[in-house]
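*Asks:* My structure is below; once you've seen it, I'll send some questions.
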Amino acid sequence: MAFELDHLFICAAPNAPAAEQLLQFGLVEGRANVHAGQGTANRCFFFHNLMLELLWVHNAAEAQSDRTRPTYLWERWSGLAQGTCPFGICLRPIAGQASETLPFPTWNYQPAYLPAGVAIPVATNVSVLSEPMLFCLPFAKRQDSYTEAKAQPLDHAFGLREVTRVSFTLTQPPQRSKELEALSATDLITIQTGPAYLMELGFDGETQAQHHDFRPALPLIVHW
């Protein structure tokens with residue numbers, strides 16, 4: 001497969017106060033961003049091969065605009081209390097490998113903050129709000145491959161470097177969408193069913209047999 005994980009998002013409250021839990025744990029925050037015209041903003045934590053994004057809606061009108069509405073970002077974020085899935089999974093091409101079709105069918109989303117003609121392929125199950133949003137950034141690359149001018153902080157507590165395992169607990173049992181099933185058939189993520197949404201990230205092969213649970217602030221457990 002010629003794709004790998006680029007970043008994962010968790011929908012958060014405005015300004016992502018839960019990020020303070022990550023900072024107290026020892027993660028170093030990177031550059032935040034406002035997605036102009038899309039109505040969302042974020043706080044980000046970068047690792048050598050993947051970025052963790054806390055995402056929220058800061059402009060409801062933009063998030064519900066004709067351009068953004070097909071992404072269902074507004075419905076996903078505003079419906080968290082009603083049980084929508086708070087997660088998103090973004091892929092990128094693996095550098096140096098021949099281009100290959102994504103594991104799921106997509107449509108092209110052209111946000112206002114990207115140059116004309118540059119699109120984000122979004123999986124066709126985007127309206128299934130009990131599952132993570134699936135999409136791809138064709139122009140993205142590993143976080144540790146950027147030049148110094150664009151580099152983000154990558155050094156964190158406990159020597160956490162690379163995410164080597166990504167697991168999601170979803171509240172809806174199978175049968176899941178064909179798009180999510182296609183992604184879970186790869187070795188990029190694993191999915192299980194449980195009573196509450198949960199993301200688990202394993203770092204560096206989890207050789208230290210340690211973990212930290214960020215619940216209830218975030219539906220996240222980190223293993224290393």
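Labels used: A, B, ... for chains in the order of the structure tokens, numbers from 1 for residues in each chain, and numbers from 1 for ligands as shown.
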Would you please extract all helix (DSSP H, G or I) residues from stretch 37-160 of chain A, as assigned by DSSP on the backbone, and give them as a PyMOL selection string?
*Replies:* chain A and resi 60-63+69-71+73-78+80-82+143-145+148-150+157-159
*Asks:* Go through stretch 133-202 of chain A residue by residue and, counting only C-alpha atoms, keep those with an atom at most 12 Å from stretch 71-85 of chain A; for each kept residue give the shortest atom pair and its distance in Å to one decimal, ordered by chain and increasing number, as JSON lines.
*Replies:*
{"residue": "A:Met133", "atom": "CA", "partner": "A:Cys85", "partner_atom": "CA", "distance": 8.4}
{"residue": "A:Leu134", "atom": "CA", "partner": "A:Thr71", "partner_atom": "CA", "distance": 10.2}
{"residue": "A:Phe135", "atom": "CA", "partner": "A:Thr71", "partner_atom": "CA", "distance": 10.0}
{"residue": "A:Phe168", "atom": "CA", "partner": "A:Cys85", "partner_atom": "CA", "distance": 10.5}
{"residue": "A:Thr169", "atom": "CA", "partner": "A:Cys85", "partner_atom": "CA", "distance": 10.0}
{"residue": "A:Leu170", "atom": "CA", "partner": "A:Cys85", "partner_atom": "CA", "distance": 7.6}
{"residue": "A:Thr171", "atom": "CA", "partner": "A:Cys85", "partner_atom": "CA", "distance": 8.5}
{"residue": "A:Gln172", "atom": "CA", "partner": "A:Cys85", "partner_atom": "CA", "distance": 9.7}
{"residue": "A:Pro195", "atom": "CA", "partner": "A:Gly83", "partner_atom": "CA", "distance": 11.1}
{"residue": "A:Ala196", "atom": "CA", "partner": "A:Gly83", "partner_atom": "CA", "distance": 9.0}
{"residue": "A:Tyr197", "atom": "CA", "partner": "A:Cys85", "partner_atom": "CA", "distance": 6.9}
{"residue": "A:Leu198", "atom": "CA", "partner": "A:Cys85", "partner_atom": "CA", "distance": 9.4}
{"residue": "A:Met199", "atom": "CA", "partner": "A:Cys85", "partner_atom": "CA", "distance": 10.8}
*Asks:* Would you output that residue set with C-alpha atoms, as a PDB file, in the first residue's frame?
*Replies:*
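Output (out_33.pdb):
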ATOM      1  CA  MET A 133     -13.997  10.980   8.905  1.00  0.00           C
ATOM      2  CA  LEU A 134     -11.577   9.556   6.301  1.00  0.00           C
ATOM      3  CA  PHE A 135      -9.587  11.777   3.950  1.00  0.00           C
ATOM      4  CA  PHE A 168     -10.116   2.926  17.588  1.00  0.00           C
ATOM      5  CA  THR A 169     -13.031   1.836  19.713  1.00  0.00           C
ATOM      6  CA  LEU A 170     -16.360   2.716  18.081  1.00  0.00           C
ATOM      7  CA  THR A 171     -19.772   2.442  19.680  1.00  0.00           C
ATOM      8  CA  GLN A 172     -21.578   1.098  16.616  1.00  0.00           C
ATOM      9  CA  PRO A 195     -19.284   1.400  25.115  1.00  0.00           C
ATOM     10  CA  ALA A 196     -17.560   4.715  24.298  1.00  0.00           C
ATOM     11  CA  TYR A 197     -15.403   6.226  21.576  1.00  0.00           C
ATOM     12  CA  LEU A 198     -11.678   5.833  22.207  1.00  0.00           C
ATOM     13  CA  MET A 199      -8.423   6.391  20.327  1.00  0.00           C
TER      14      MET A 199
END
*Asks:* My list of candidates is A:Leu180, A:Ala157, A:Leu8, A:Ala2. Which is closest to A:Thr106 when distances are computed with only C-alpha atoms?
*Replies:*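 Of A:Leu180, A:Ala157, A:Leu8, A:Ala2, the one nearest A:Thr106, counting only C-alpha atoms, is A:Leu180.
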*Asks:* Please list as number ranges by chain every residue within 7 Å of stretch 115-125 of chain A, counting only C-alpha atoms and excluding residues in the same chain fewer than 5 positions away.
*Replies:* A: 104-110, 134-137, 177, 179
*Asks:* How far is it from atom CA of A:Pro70 to atom CA of A:Val126, in Å with one decimal?
*Replies:*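 Between atom CA of A:Pro70 and atom CA of A:Val126 the gap works out to 8.1 Å.
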*Asks:* Find the residues near A:Glu62: any atom within 10 Å, counting only C-alpha atoms, skip ones fewer than 5 places away on the same chain, and give them as an MDAnalysis selection string.
*Replies:* chainID A and resid 35:40 57 67:69 74
*Asks:* Just want the 8 Å neighbourhood of A:Gly30, counted on only C-alpha atoms, with same-chain residues fewer than 2 positions away dropped. Output as a list in words.
*Replies:* Val28, Ala32, Arg43, Cys44, Phe45, Phe46, Gln152 and Pro153 of chain A
*Asks:* Got a sec to tell me which of stretch 4-223 of chain A DSSP assigns to strand (DSSP E), as number ranges by chain?
*Replies:* A: 4-11, 33-35, 40-46, 51-57, 87-93, 106-109, 120-123, 133-136, 163-170, 190-193, 198-203, 211-213, 220-223
*Asks:* Identify, on the basis of only C-alpha atoms, every residue whose closest approach to A:Arg92 does not exceed 6 Å; exclude the query and any residue fewer than 4 positions from it along the same chain; express the result as a ChimeraX atom specification.
*Replies:* /A:3-4,6,136-138,140
*Asks:* Dump N, CA and C atoms for the selected residues as a PDB file, in the first residue's frame?
*Replies:*
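So the final result, stored in selection-v9.pdb, reads:
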ATOM      1  N   PHE A   3       0.185   4.284   0.864  1.00  0.00           N
ATOM      2  CA  PHE A   3      -0.278   5.347   1.744  1.00  0.00           C
ATOM      3  C   PHE A   3       0.064   5.016   3.188  1.00  0.00           C
ATOM      4  N   GLU A   4       0.196   6.078   3.999  1.00  0.00           N
ATOM      5  CA  GLU A   4       0.437   5.935   5.426  1.00  0.00           C
ATOM      6  C   GLU A   4      -0.381   6.990   6.158  1.00  0.00           C
ATOM      7  N   ASP A   6      -1.147  10.279   8.051  1.00  0.00           N
ATOM      8  CA  ASP A   6      -0.548  11.611   8.153  1.00  0.00           C
ATOM      9  C   ASP A   6      -0.906  12.266   9.479  1.00  0.00           C
ATOM     10  N   CYS A 136      -7.590  12.384   2.735  1.00  0.00           N
ATOM     11  CA  CYS A 136      -6.185  12.267   2.340  1.00  0.00           C
ATOM     12  C   CYS A 136      -5.633  13.633   1.984  1.00  0.00           C
ATOM     13  N   LEU A 137      -4.374  13.873   2.321  1.00  0.00           N
ATOM     14  CA  LEU A 137      -3.655  15.068   1.880  1.00  0.00           C
ATOM     15  C   LEU A 137      -2.567  14.618   0.909  1.00  0.00           C
ATOM     16  N   PRO A 138      -2.813  14.725  -0.395  1.00  0.00           N
ATOM     17  CA  PRO A 138      -1.847  14.221  -1.384  1.00  0.00           C
ATOM     18  C   PRO A 138      -0.502  14.932  -1.347  1.00  0.00           C
ATOM     19  N   ALA A 140       1.010  16.078   1.519  1.00  0.00           N
ATOM     20  CA  ALA A 140       1.638  16.001   2.840  1.00  0.00           C
ATOM     21  C   ALA A 140       2.829  15.046   2.831  1.00  0.00           C
TER      22      ALA A 140
END
*Asks:* Nearest to A:Gln208: which of A:Asp144, A:Leu160, A:Ala182, A:Pro173 is it, counting only C-alpha atoms?
*Replies:*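 When distances to A:Gln208 are compared using only C-alpha atoms, the smallest one comes from A:Leu160.
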*Asks:* Calculate how many Å separate atom CA of A:Ser184 from atom CA of A:Pro103, rounding to one decimal.
*Replies:* 9.6 Å
*Asks:* Tell me which of A:Ala13, A:Pro132, A:Leu55, A:Ala112 sits closest to A:Leu183, counting only C-alpha atoms.
*Replies:* A:Pro132
